[in-house]
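Enquirer: Quick one: structure below, then a few questions.
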There are 2 protein chains.
Amino acid sequence: MPIAVQKFGGTSVANAEKIKRAARRAINAFKQGNQVVMVASARGKQTDQLVADAIELNPNPPKREMDMLLSTGEQQTVSLLAMALDAMGHKAISFTGTQIRMVTDGAHSKARIKSIDADRIHEKLDTGHIVIVAGFQGVDDHDDITTLGRGGSDTSAVALAAALKADVCEIYTDVDGIYTTDPRLYTQAVKIDRISFDEMLEMASLGAGVMHGRAVEFGKKYDINIHVRSSLTDAQGTLITKEVPQMEGILVSGATIQKDLAKIGLNSIDNKPGNAAKVFAHLAQAQVSVNDIIQVEVSPEKANLSFTTAKADLAEAKKAIEEIMQQVNCESIFVREDIAEVSVIGVGMRSHHGVAETMFGALSKAKVNIDSITTSEIRISCIVDIDQAQTALVAVCDAFDLDKPAEKRKNQN
Amino acid sequence: MPIAVQKFGGTSVANAEKIKRAARRAINAFKQGNQVVMVASARGKQTDQLVADAIELNPNPPKREMDMLLSTGEQQTVSLLAMALDAMGHKAISFTGTQIRMVTDGAHSKARIKSIDADRIHEKLDTGHIVIVAGFQGVDDHDDITTLGRGGSDTSAVALAAALKADVCEIYTDVDGIYTTDPRLYTQAVKIDRISFDEMLEMASLGAGVMHGRAVEFGKKYDINIHVRSSLTDAQGTLITKEVPQMEGILVSGATIQKDLAKIGLNSIDNKPGNAAKVFAHLAQAQVSVNDIIQVEVSPEKANLSFTTAKADLAEAKKAIEEIMQQVNCESIFVREDIAEVSVIGVGMRSHHGVAETMFGALSKAKVNIDSITTSEIRISCIVDIDQAQTALVAVCDAFDLDKPAEKRKNQN
């Protein structure tokens, strides 16, 4: 029998009415001939409340105890879902991460899944139960409760789908899918029907908030189709899936904008092997996450090196660079906080030319100045002035027809 | 190093201020040279809120899922206590019932403890941690979470004290000890300094609410001194302990009143072997709890049989008796709901005469009519009209000097 994993986020289980709606959805999938595993997050603002309770007692609570505390939110949701299913006459059983041996490493608050005991779940599925698993949480080798960090329940759901060899992993949320770009910034944005894991990973890392990157990585690694859809309707959402040839016909699947960036430039460093490594090793030691890196030679002996980082990490990054600048013989450093990064993403870039040209042309026509450019195999990103970010995004979306479904865009094969 | 177990009830951890106070108390005990294990209940009205959330979804929720839900309340408290201790600079670690293998049978909502793994607790105590254990909860052989029912956290604490061979088990609560009788009904009631397990068991079963009987049974079985005391002061409370010879010098330790009783009488049943057994087997089958039983012969062939039960069980009890009355050739039945039971308790009764005489004399002087009388080795109970219950209690308390500390009562050795 096919297995469906259905994940319900906090807004989709926020009150009794929504819990019942989630339960009915699971029963529908069951009646359609599936074995059903639900994965649930904490209800509504429960996690925020628990965090506030903790901070009131300890502004810097031990991570092990924080995981112990926060994991109760999901445990409450799953038992309530089981009760709702029981009231509807359906056999149901809830499990904590500990109970299904969702074994993780011991990195509290950002643990990584190592293994899952699928046997207990299969046993209950095979006796007609809907199984409900607490998302976001696991257990380490010492029986300590761990949590998986941001987007953790999505990761739980995809990992369970992989362990159970499920046919689909549905992510129910308060939007109806992944959009070509953020509809709050470009109201004509349209829902994407299918997107590849790699494209979704790029979009997630560039700030598209719906799915967290780790869950998508799991999906890619174990080839689990992830269906992101609305908990309020039966409409199809967005299928995140492995790349198929026809996807390459779509030049650009989506566009993103990131505004919480800062850029640090090191002017005129000695252009010799190992200098860039020194700089980034020092940043890593200071636990600064670096986004894009650009280096250009300015003379046979000298180069300019710059990188972007989250604004939140800027102070730490600047301190680290000031410590290292003499070692690489850097003349001066400069910092820009008034920037944004506009990106387009699409696996079609692998086999088609002209994407860069179209993008730069659109920005030029909109009189947007490009500070710098970085690319990967499936994306092109431009750093622009933050004042021009919105203009830039609209220009790029218009240029790639991101207000139309993929099959109606011009320049598509 | 001596081990102290400290249990904090829901009112003693209801908010951040109270959690900090409980943490400070544990640190004080630690500084006085003890290894300290805290046992905590859910905060304030958390459990009530969770029950309401459940009932909204399912008026008759599956007990397994209810245990899954309710156990989160204690888990939250213990992690918050660990955070508070950490903020005060003290090493601390919290554990669920599952983590310390508080193994119970599978009777959800009223599970019984089978074993506890003391090793993990000892290991943390030996490395200087204050260990905080979630009360009320255990785990069965299938890794399902169980709860221990009413008074469960007290039972957890005493069971832990037994498993750890602790020197004392302190029960912190919102009253400052056990009183000779309910101070709301007899304002001159005084705090009892020491009371035996057997007396406390009788008082608990007769409605003295502070300690639940099961925790006291555990204390008796494993000889754990239980110190019931206020979470607000450092005053000595009441020590529940094994019987020592000087306790027998105290004729009466306390008095109780029970008002939620009903009585059913079976008039003129055939007085032959096995008839009483038939009646009570039938009541047991109907899951009716019976309190006192009285049978008197009215002729060589006939007897009157009566028993008391909780008012809540009366309808069920009456139905059961109507089903069985023909089998025992009962002429008629009568029911009284307008009754109360006044009792005096004291291990001194074992070795002293005159307690019954004093009690009946006091009731007579107060013009209280006695419906019926039952006794055990260490208690005497009289059923009286509910209208006269308050008068009866005051008369009995005055007669046995329950407004004075034990050593100042007359007629004491």
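Each chain in the structure tokens gets a letter, A, B, ..., in the order shown, and its residues are numbered from 1; ligands are numbered from 1 in order too.
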Compile the residues of chain B that lie within 8 Å of chain A, evaluated using only C-alpha atoms, and express the compilation as an NGL selection string.
Expert: :B and (16 or 20 or 53-54 or 56-58 or 60-62 or 65-66 or 68-69 or 72 or 75-76 or 79-80 or 82-84 or 86-87 or 93-94 or 99 or 143-144)
Enquirer: Pick out the residues sitting within 10 Å of region 175-178 of chain B, and hand them over as a list in words; count only C-alpha atoms, and ignore anything fewer than 6 positions along from it in its own chain.
Expert: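 In the requested form, the answer reads Ala189, Val190, Lys191, Ile192, Asp193, Arg194, Ile195, Met200, Met203, Ala208, Gly209, Val210, Met211, His227, Val228, Arg229, Ser230, Ser231, Leu232, Thr233, Asp234, Ala235, Gln236, Gly237, Thr238, Leu239, Ile240 and Gly254 of chain B.
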Enquirer: How would the residues just picked look written out with C-alpha atoms as a short mmCIF file (atom, residue, chain, number, x, y, z; two decimals), in the first residue's frame?
Expert:
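So the final result, stored in result_18.cif, reads:
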data_model
loop_
_atom_site.label_atom_id
_atom_site.label_comp_id
_atom_site.auth_asym_id
_atom_site.auth_seq_id
_atom_site.Cartn_x
_atom_site.Cartn_y
_atom_site.Cartn_z
CA ALA B 189 -6.60 22.77 64.66
CA VAL B 190 -2.83 22.51 65.17
CA LYS B 191 -0.03 21.20 62.96
CA ILE B 192 1.05 17.63 63.68
CA ASP B 193 4.83 17.31 64.20
CA ARG B 194 5.05 13.56 63.62
CA ILE B 195 2.54 11.05 62.38
CA MET B 200 -1.54 9.08 57.59
CA MET B 203 -6.42 10.06 57.32
CA ALA B 208 -7.48 14.51 54.51
CA GLY B 209 -6.28 15.92 51.18
CA VAL B 210 -2.67 16.97 51.71
CA MET B 211 -0.99 13.64 50.95
CA HIS B 227 8.47 15.70 55.42
CA VAL B 228 5.40 17.68 54.34
CA ARG B 229 6.23 21.40 54.57
CA SER B 230 5.54 24.87 53.21
CA SER B 231 7.29 26.09 50.07
CA LEU B 232 7.04 29.65 51.46
CA THR B 233 8.84 29.33 54.79
CA ASP B 234 11.66 27.38 56.43
CA ALA B 235 9.44 26.18 59.27
CA GLN B 236 9.36 22.48 60.12
CA GLY B 237 6.26 20.80 58.75
CA THR B 238 4.92 17.32 59.49
CA LEU B 239 7.14 14.26 59.47
CA ILE B 240 5.39 11.08 58.28
CA GLY B 254 -6.23 13.56 64.14
#
Enquirer: Between CA of Ser268 (chain A) and CA of Ile324 (chain A), what is the distance, to one decimal in Å?
Expert: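 Going from CA of Ser268 (chain A) over to CA of Ile324 (chain A), I get 13.8 Å.
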Enquirer: Restricting the calculation to only C-alpha atoms: of A:Lys259, A:Arg409, A:Lys272, A:His353, which residue gets closest to Lys311 (chain A)?
Expert: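 Of the candidates, the smallest distance to Lys311 (chain A) is held by A:Lys259.
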Enquirer: Using only C-alpha atoms, which residues sit within 8 Å of Ile130 (chain B) once same-chain residues fewer than 6 positions away are excluded, as a PyMOL selection string?
Expert: chain B and resi 26+30+35-38+90-93+124
Enquirer: Store the residues picked out above, limited to C-alpha atoms, as a PDB file, in the first residue's frame.
Expert:
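Output file again-v3.pdb is given in full below:
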ATOM      1  CA  ALA B  26      17.555  23.085  46.292  1.00  0.00           C
ATOM      2  CA  PHE B  30      23.128  21.279  48.339  1.00  0.00           C
ATOM      3  CA  GLN B  35      23.039  15.567  47.007  1.00  0.00           C
ATOM      4  CA  VAL B  36      19.712  16.968  45.796  1.00  0.00           C
ATOM      5  CA  VAL B  37      17.015  15.484  43.571  1.00  0.00           C
ATOM      6  CA  MET B  38      14.035  17.705  42.772  1.00  0.00           C
ATOM      7  CA  HIS B  90      24.622  25.684  39.580  1.00  0.00           C
ATOM      8  CA  LYS B  91      25.055  22.519  37.514  1.00  0.00           C
ATOM      9  CA  ALA B  92      21.659  20.970  36.882  1.00  0.00           C
ATOM     10  CA  ILE B  93      20.038  18.441  34.575  1.00  0.00           C
ATOM     11  CA  LYS B 124      24.829  13.085  37.684  1.00  0.00           C
TER      12      LYS B 124
END
Enquirer: Would you kindly return, as a PyMOL selection string, each protein, DNA or RNA residue with an atom no farther than 12 Å from any atom of Gln32 (chain B), considering only C-alpha atoms and excluding same-chain residues fewer than 4 positions away?
Expert: chain B and resi 1-4+25-28+36
Enquirer: Would you mind exporting the chosen residues as a PDB file, in the first residue's frame, restricted to N, CA and C atoms?
Expert:
ATOM      1  N   MET B   1      27.549  10.777  50.878  1.00  0.00           N
ATOM      2  CA  MET B   1      26.857  12.059  51.082  1.00  0.00           C
ATOM      3  C   MET B   1      25.354  11.812  51.162  1.00  0.00           C
ATOM      4  N   PRO B   2      24.660  12.440  52.127  1.00  0.00           N
ATOM      5  CA  PRO B   2      23.210  12.208  52.218  1.00  0.00           C
ATOM      6  C   PRO B   2      22.483  12.721  50.977  1.00  0.00           C
ATOM      7  N   ILE B   3      21.395  12.067  50.641  1.00  0.00           N
ATOM      8  CA  ILE B   3      20.586  12.467  49.483  1.00  0.00           C
ATOM      9  C   ILE B   3      19.254  13.018  49.979  1.00  0.00           C
ATOM     10  N   ALA B   4      18.888  14.206  49.482  1.00  0.00           N
ATOM     11  CA  ALA B   4      17.580  14.783  49.804  1.00  0.00           C
ATOM     12  C   ALA B   4      16.742  14.833  48.537  1.00  0.00           C
ATOM     13  N   ARG B  25      15.964  26.871  47.062  1.00  0.00           N
ATOM     14  CA  ARG B  25      15.827  25.912  48.152  1.00  0.00           C
ATOM     15  C   ARG B  25      16.690  24.670  47.892  1.00  0.00           C
ATOM     16  N   ALA B  26      16.715  24.238  46.636  1.00  0.00           N
ATOM     17  CA  ALA B  26      17.555  23.085  46.292  1.00  0.00           C
ATOM     18  C   ALA B  26      19.028  23.420  46.492  1.00  0.00           C
ATOM     19  N   ILE B  27      19.432  24.631  46.083  1.00  0.00           N
ATOM     20  CA  ILE B  27      20.840  25.032  46.245  1.00  0.00           C
ATOM     21  C   ILE B  27      21.203  25.087  47.731  1.00  0.00           C
ATOM     22  N   ASN B  28      20.277  25.603  48.558  1.00  0.00           N
ATOM     23  CA  ASN B  28      20.544  25.621  50.003  1.00  0.00           C
ATOM     24  C   ASN B  28      20.797  24.219  50.541  1.00  0.00           C
ATOM     25  N   VAL B  36      21.116  16.549  45.850  1.00  0.00           N
ATOM     26  CA  VAL B  36      19.712  16.968  45.796  1.00  0.00           C
ATOM     27  C   VAL B  36      19.025  16.498  44.516  1.00  0.00           C
TER      28      VAL B  36
END
Enquirer: Quick check for you: according to DSSP on this backbone, which residues of region 31-190 of chain B are classed as strand (DSSP E)? Reply as a PyMOL selection string.
Expert: chain B and resi 35-40+92-95+103-104+113-115+130-134+137-139+145-147+168-173
Enquirer: Tell me which protein, DNA and RNA residues are within 12 Å of region 273-275 of chain B, counting only C-alpha atoms, leaving out same-chain ones fewer than 4 positions away, and put them as a PyMOL selection string.
Expert: chain B and resi 266+268-269+279-282+295+301-305+324-330
Enquirer: Store the residues of this selection in a file with N, CA and C atoms, as a CSV table (one decimal), in the first residue's frame.
Expert:
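As a result, out.csv now contains:
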chain,number,residue,atom,x,y,z
B,266,LEU,N,-29.5,-3.0,53.0
B,266,LEU,CA,-30.3,-4.1,52.5
B,266,LEU,C,-31.0,-4.7,53.7
B,268,SER,N,-33.1,-7.2,56.0
B,268,SER,CA,-33.6,-8.6,56.1
B,268,SER,C,-33.2,-9.5,55.0
B,269,ILE,N,-31.9,-9.6,54.8
B,269,ILE,CA,-31.4,-10.6,53.8
B,269,ILE,C,-31.3,-12.0,54.5
B,279,VAL,N,-23.1,-10.1,47.3
B,279,VAL,CA,-23.4,-8.6,47.2
B,279,VAL,C,-22.2,-7.8,46.8
B,280,PHE,N,-21.0,-8.1,47.5
B,280,PHE,CA,-19.9,-7.2,47.2
B,280,PHE,C,-19.1,-7.6,45.9
B,281,ALA,N,-19.2,-8.9,45.6
B,281,ALA,CA,-18.6,-9.3,44.3
B,281,ALA,C,-19.4,-8.6,43.1
B,282,HIS,N,-20.7,-8.5,43.3
B,282,HIS,CA,-21.5,-7.8,42.3
B,282,HIS,C,-21.2,-6.3,42.2
B,295,GLN,N,-22.8,-5.3,59.1
B,295,GLN,CA,-23.9,-6.3,59.1
B,295,GLN,C,-24.3,-6.7,60.5
B,301,GLU,N,-32.3,-16.3,61.1
B,301,GLU,CA,-32.3,-16.5,59.7
B,301,GLU,C,-32.1,-15.2,58.9
B,302,LYS,N,-32.2,-14.1,59.5
B,302,LYS,CA,-32.1,-12.8,58.8
B,302,LYS,C,-31.1,-11.9,59.3
B,303,ALA,N,-30.5,-11.0,58.4
B,303,ALA,CA,-29.6,-10.0,58.8
B,303,ALA,C,-29.8,-8.7,58.0
B,304,ASN,N,-29.4,-7.6,58.6
B,304,ASN,CA,-29.4,-6.3,57.9
B,304,ASN,C,-28.0,-6.0,57.5
B,305,LEU,N,-27.8,-5.7,56.2
B,305,LEU,CA,-26.4,-5.4,55.7
B,305,LEU,C,-26.5,-4.0,55.1
B,324,ILE,N,-29.1,-7.5,42.4
B,324,ILE,CA,-28.7,-8.7,43.2
B,324,ILE,C,-29.7,-9.0,44.3
B,325,MET,N,-30.7,-8.1,44.6
B,325,MET,CA,-31.4,-8.2,45.9
B,325,MET,C,-32.2,-9.5,46.0
B,326,GLN,N,-32.8,-9.9,44.8
B,326,GLN,CA,-33.6,-11.2,44.9
B,326,GLN,C,-32.7,-12.4,45.2
B,327,GLN,N,-31.5,-12.4,44.7
B,327,GLN,CA,-30.6,-13.6,44.9
B,327,GLN,C,-30.3,-13.8,46.4
B,328,VAL,N,-30.3,-12.7,47.2
B,328,VAL,CA,-30.0,-12.8,48.6
B,328,VAL,C,-31.3,-12.7,49.5
B,329,ASN,N,-32.4,-12.7,48.7
B,329,ASN,CA,-33.7,-12.7,49.4
B,329,ASN,C,-33.9,-11.5,50.3
B,330,CYS,N,-33.5,-10.3,49.7
B,330,CYS,CA,-33.6,-9.0,50.5
B,330,CYS,C,-35.0,-8.5,50.4
